[in-house]
There are 2 protein chains.
Amino acid sequence: MNTLLTLIEAIYPVSTALKQSLVSLLSHASLPKGSLLLSPDQISTKIYFVEKGLVRGYYLKDGKDITTGFMPETSFVISPVSFYRQQPSFEYLETLEESPLWSLSYQHLSHLYSQYPEFNYVGRVVTEQYYTRSELRAHHLRMQTADERYRAFLSEYPTLANRVPNKHIASFLGLTPETFSRIRAKRD
Amino acid sequence: MNTLLTLIEAIYPVSTALKQSLVSLLSHASLPKGSLLLSPDQISTKIYFVEKGLVRGYYLKDGKDITTGFMPETSFVISPVSFYRQQPSFEYLETLEESPLWSLSYQHLSHLYSQYPEFNYVGRVVTEQYYTRSELRAHHLRMQTADERYRAFLSEYPTLANRVPNKHIASFLGLTPETFSRIRAKRD
DNA sequence: ATGAAAAATTGATATAGATCAATTTTCATT
DNA sequence: AATGAAAATTGATCTATATCAATTTTTCAT
């Protein structure tokens, strides 16, 4: 909770009333490894903040599991298309580790945005940050070779390589496990 | 100008003071076809609103021109990574048609966000919309075949196929002009 | 500690789309 | 309208990565 409030205050010094309101609307739960936060065809109704642990987004394509992203501690977690448009999701969100999470419903978040205009300052900045990362990643997927993407992954997420099965990293980088294995064999 | 204000008011009924301030800070210019709004290594300092016309984003990779996006009339235009992080751009922004544009500097926009907290409501919602589109597009690039992406492009941008050289559509869909030509030959 | 299941590796082959090269078509400018 | 340049098409290869299959290694629950 404190990390979350600190993160918010670092963006904009919000009022005490807003903080109290936010705290009263937040729920906390520690989910065991392998819990599903969202499944395809469901409408995403909650935004999460990962206090500790790790969440993965993925979808199934012809039965194959393709990772769309990793959200480690101190990240926000949503499935953007489903959450922002309130439409059925195409992806899963699951915990890869036991994860203490804070959650806030779409309705409560909307309420805070309407009630406290300054909260939109925070929401805008956070959205800009996640949007920017998403764009950068899309650019790298197009611009870089498989090997460069792997190096970039290692430097962006230094701790993840040991926490996550290689097959998830492979699909995140747009590769099959076989190709990923061969790339790593060339350099380690 | 009116389309822009209408678009804003449809998201949030902003104060007259904010509207006046915004109008006084906006610049208008009609740029001829082929004008560059941004080039690599420049820091993007302006957000644009396309009143009429068409803007294209692209970057060069090994001398090849890869289209990152099309921004037709009533779109906002930025290069997200460069604008939000105020760091050198990796891409170009150019007009593909004679385009009357409204522009607002990064400083002026920041000022409006600080001065008028409710303006962040608008900024947040617009950012969410563009983020969502970007995510959806990245998903389609991974999930769909070349042919499906082409069909999706045609239905998302019904007018663009006739306004834009095929080679730009090809690179936007992640294809070479040759492959794009062959895909089209199979169905037209 | 042990065995079963999952993950990773390694090798052989297949393939979508890229690349290279040569025309043909379209377009813009005088 | 003419003409030179850019764009699009078409054909012949090439290649990075996928796919398929078999084996080894790791992980995890009992």
# chains A, B, ... in the order shown; residues from 1 in each chain; ligands from 1
>>> residues_around(residues="stretch 179-184 of chain B", least_positions_apart="3", cutoff="8 Å", atoms="only C-alpha atoms (C1' of nucleotides)", output="list in words")
Ala146, Asp147, Asn166, Ala170, Leu175, Thr176, Arg187 and Asp188 of chain B; DG17 of chain C; DA8 and DT9 of chain D
>>> closest_atom_pairs(of="chain D", to="chain A", cutoff="12 Å", atoms="only C-alpha atoms (C1' of nucleotides)", output="CSV")
residue,atom,partner,partner_atom,distance
D:DA16,C1',A:Thr179,CA,10.0
D:DT17,C1',A:Thr179,CA,7.1
D:DA18,C1',A:Thr176,CA,7.5
D:DT19,C1',A:Thr176,CA,9.7
D:DC20,C1',A:Glu178,CA,11.4
D:DT26,C1',A:Pro165,CA,11.0
D:DT27,C1',A:Pro165,CA,10.9
>>> write_last_selection(atoms="N, CA and C atoms (P, O5', C5', C4', C3', O3' and C1' of nucleotides)", output="JSON list (two decimals), in the first residue's frame")
[["chain", "number", "residue", "atom", "x", "y", "z"],
["D", 16, "DA", "P", 19.75, -16.14, -42.57],
["D", 16, "DA", "O5'", 18.82, -15.61, -41.40],
["D", 16, "DA", "C5'", 17.82, -14.63, -41.66],
["D", 16, "DA", "C4'", 16.51, -15.04, -41.01],
["D", 16, "DA", "C3'", 16.66, -15.56, -39.58],
["D", 16, "DA", "O3'", 15.64, -14.93, -38.81],
["D", 16, "DA", "C1'", 15.58, -17.20, -40.90],
["D", 17, "DT", "P", 15.57, -15.05, -37.25],
["D", 17, "DT", "O5'", 14.41, -16.12, -37.06],
["D", 17, "DT", "C5'", 13.15, -15.89, -37.70],
["D", 17, "DT", "C4'", 12.39, -17.18, -37.75],
["D", 17, "DT", "C3'", 12.31, -17.94, -36.43],
["D", 17, "DT", "O3'", 10.95, -18.01, -36.08],
["D", 17, "DT", "C1'", 12.71, -19.39, -38.24],
["D", 18, "DA", "P", 10.30, -18.86, -34.94],
["D", 18, "DA", "O5'", 9.47, -19.94, -35.76],
["D", 18, "DA", "C5'", 8.57, -19.49, -36.76],
["D", 18, "DA", "C4'", 7.88, -20.68, -37.41],
["D", 18, "DA", "C3'", 7.25, -21.65, -36.43],
["D", 18, "DA", "O3'", 5.99, -22.06, -36.96],
["D", 18, "DA", "C1'", 8.94, -22.77, -37.68],
["D", 19, "DT", "P", 5.05, -22.99, -36.10],
["D", 19, "DT", "O5'", 5.45, -24.46, -36.56],
["D", 19, "DT", "C5'", 5.38, -24.80, -37.94],
["D", 19, "DT", "C4'", 5.91, -26.19, -38.13],
["D", 19, "DT", "C3'", 5.37, -27.23, -37.14],
["D", 19, "DT", "O3'", 4.80, -28.27, -37.91],
["D", 19, "DT", "C1'", 7.72, -27.39, -37.33],
["D", 20, "DC", "P", 3.88, -29.40, -37.18],
["D", 20, "DC", "O5'", 4.88, -30.65, -37.10],
["D", 20, "DC", "C5'", 5.58, -31.03, -38.28],
["D", 20, "DC", "C4'", 6.61, -32.09, -37.93],
["D", 20, "DC", "C3'", 6.15, -33.10, -36.87],
["D", 20, "DC", "O3'", 6.46, -34.39, -37.36],
["D", 20, "DC", "C1'", 8.25, -32.19, -36.28],
["D", 26, "DT", "P", 20.07, -30.04, -15.78],
["D", 26, "DT", "O5'", 18.57, -29.72, -15.36],
["D", 26, "DT", "C5'", 17.85, -28.77, -16.13],
["D", 26, "DT", "C4'", 16.44, -28.64, -15.57],
["D", 26, "DT", "C3'", 16.41, -28.39, -14.07],
["D", 26, "DT", "O3'", 15.67, -27.20, -13.88],
["D", 26, "DT", "C1'", 14.92, -30.15, -14.68],
["D", 27, "DT", "P", 15.37, -26.63, -12.42],
["D", 27, "DT", "O5'", 13.90, -27.20, -12.16],
["D", 27, "DT", "C5'", 12.91, -27.01, -13.16],
["D", 27, "DT", "C4'", 11.59, -27.58, -12.66],
["D", 27, "DT", "C3'", 11.33, -27.31, -11.19],
["D", 27, "DT", "O3'", 9.99, -26.85, -11.09],
["D", 27, "DT", "C1'", 11.17, -29.63, -11.63]]
>>> select_by_dssp(residues="stretch 29-182 of chain B", states="helix (DSSP H, G or I)", output="JSON, numbers by chain")
{"B": [80, 81, 82, 83, 84, 85, 106, 107, 108, 109, 110, 111, 112, 113, 114, 115, 119, 120, 121, 122, 123, 124, 125, 126, 127, 128, 129, 130, 131, 132, 133, 134, 135, 136, 137, 138, 139, 140, 141, 142, 143, 146, 147, 148, 149, 150, 151, 152, 153, 154, 155, 156, 160, 161, 162, 163, 166, 167, 168, 169, 170, 171, 172, 177, 178, 179, 180, 181, 182]}
>>> interface_residues(of="chain A", to="chain B", cutoff="7 Å", atoms="only C-alpha atoms", output="list of chain:residue names")
A:Pro80, A:Val81, A:Tyr84, A:Pro117, A:Glu118, A:Asn120, A:Tyr121, A:Gly123, A:Arg124, A:Thr127, A:Glu128, A:Tyr131, A:Thr132, A:Leu136, A:Ala138
>>> residues_around(residues="D:DA21", least_positions_apart="3", cutoff="12 Å", atoms="only C-alpha atoms (C1' of nucleotides)", output="compact mmCIF listing (two decimals) with C-alpha atoms (C1' of nucleotides), in the first residue's frame")
# COMPACT_ATOMS: atom_id res chain seq x y z
C1' DT C 10 19.28 -31.11 -30.43
C1' DG C 11 18.77 -32.67 -35.18
C1' DA C 12 16.29 -32.95 -39.60
C1' DT C 13 13.19 -30.81 -42.66
>>> interface_residues(of="chain C", to="chain B", cutoff="12 Å", atoms="only C-alpha atoms (C1' of nucleotides)", output="list in words")
DA16, DG17, DA18, DT19, DC20, DT26 and DC27 of chain C
>>> write_last_selection(atoms="N, CA and C atoms (P, O5', C5', C4', C3', O3' and C1' of nucleotides)", output="short mmCIF file (atom, residue, chain, number, x, y, z; two decimals), in the first residue's frame")
data_model
loop_
_atom_site.label_atom_id
_atom_site.label_comp_id
_atom_site.auth_asym_id
_atom_site.auth_seq_id
_atom_site.Cartn_x
_atom_site.Cartn_y
_atom_site.Cartn_z
P DA C 16 3.69 -21.76 -46.14
"O5'" DA C 16 3.54 -20.31 -45.51
"C5'" DA C 16 3.82 -20.11 -44.12
"C4'" DA C 16 4.58 -18.82 -43.94
"C3'" DA C 16 4.06 -17.66 -44.78
"O3'" DA C 16 4.10 -16.50 -43.95
"C1'" DA C 16 6.34 -18.08 -45.34
P DG C 17 3.42 -15.13 -44.40
"O5'" DG C 17 4.67 -14.29 -44.88
"C5'" DG C 17 5.74 -14.11 -43.97
"C4'" DG C 17 6.98 -13.76 -44.75
"C3'" DG C 17 6.82 -12.57 -45.70
"O3'" DG C 17 7.73 -11.58 -45.28
"C1'" DG C 17 8.02 -14.33 -46.71
P DA C 18 8.16 -10.30 -46.03
"O5'" DA C 18 9.68 -10.62 -46.37
"C5'" DA C 18 10.57 -10.95 -45.30
"C4'" DA C 18 11.99 -11.09 -45.83
"C3'" DA C 18 12.48 -9.88 -46.61
"O3'" DA C 18 13.83 -9.62 -46.25
"C1'" DA C 18 12.44 -11.82 -48.02
P DT C 19 14.59 -8.39 -46.83
"O5'" DT C 19 15.29 -8.96 -48.15
"C5'" DT C 19 16.19 -10.06 -48.03
"C4'" DT C 19 16.64 -10.47 -49.41
"C3'" DT C 19 17.12 -9.30 -50.29
"O3'" DT C 19 18.43 -9.62 -50.74
"C1'" DT C 19 15.63 -10.71 -51.47
P DC C 20 19.34 -8.51 -51.43
"O5'" DC C 20 19.27 -8.94 -52.97
"C5'" DC C 20 19.51 -10.30 -53.32
"C4'" DC C 20 19.20 -10.52 -54.79
"C3'" DC C 20 19.56 -9.33 -55.70
"O3'" DC C 20 20.23 -9.85 -56.83
"C1'" DC C 20 17.32 -9.99 -56.05
P DT C 26 -1.81 0.98 -64.82
"O5'" DT C 26 -1.06 2.12 -63.98
"C5'" DT C 26 -0.71 1.84 -62.62
"C4'" DT C 26 -0.08 3.09 -62.04
"C3'" DT C 26 -0.90 4.36 -62.22
"O3'" DT C 26 -1.05 4.91 -60.93
"C1'" DT C 26 1.34 4.70 -62.91
P DC C 27 -1.86 6.26 -60.69
"O5'" DC C 27 -0.69 7.35 -60.61
"C5'" DC C 27 0.47 7.07 -59.81
"C4'" DC C 27 1.42 8.24 -59.93
"C3'" DC C 27 0.71 9.59 -60.02
"O3'" DC C 27 1.36 10.48 -59.14
"C1'" DC C 27 2.19 9.31 -61.85
#
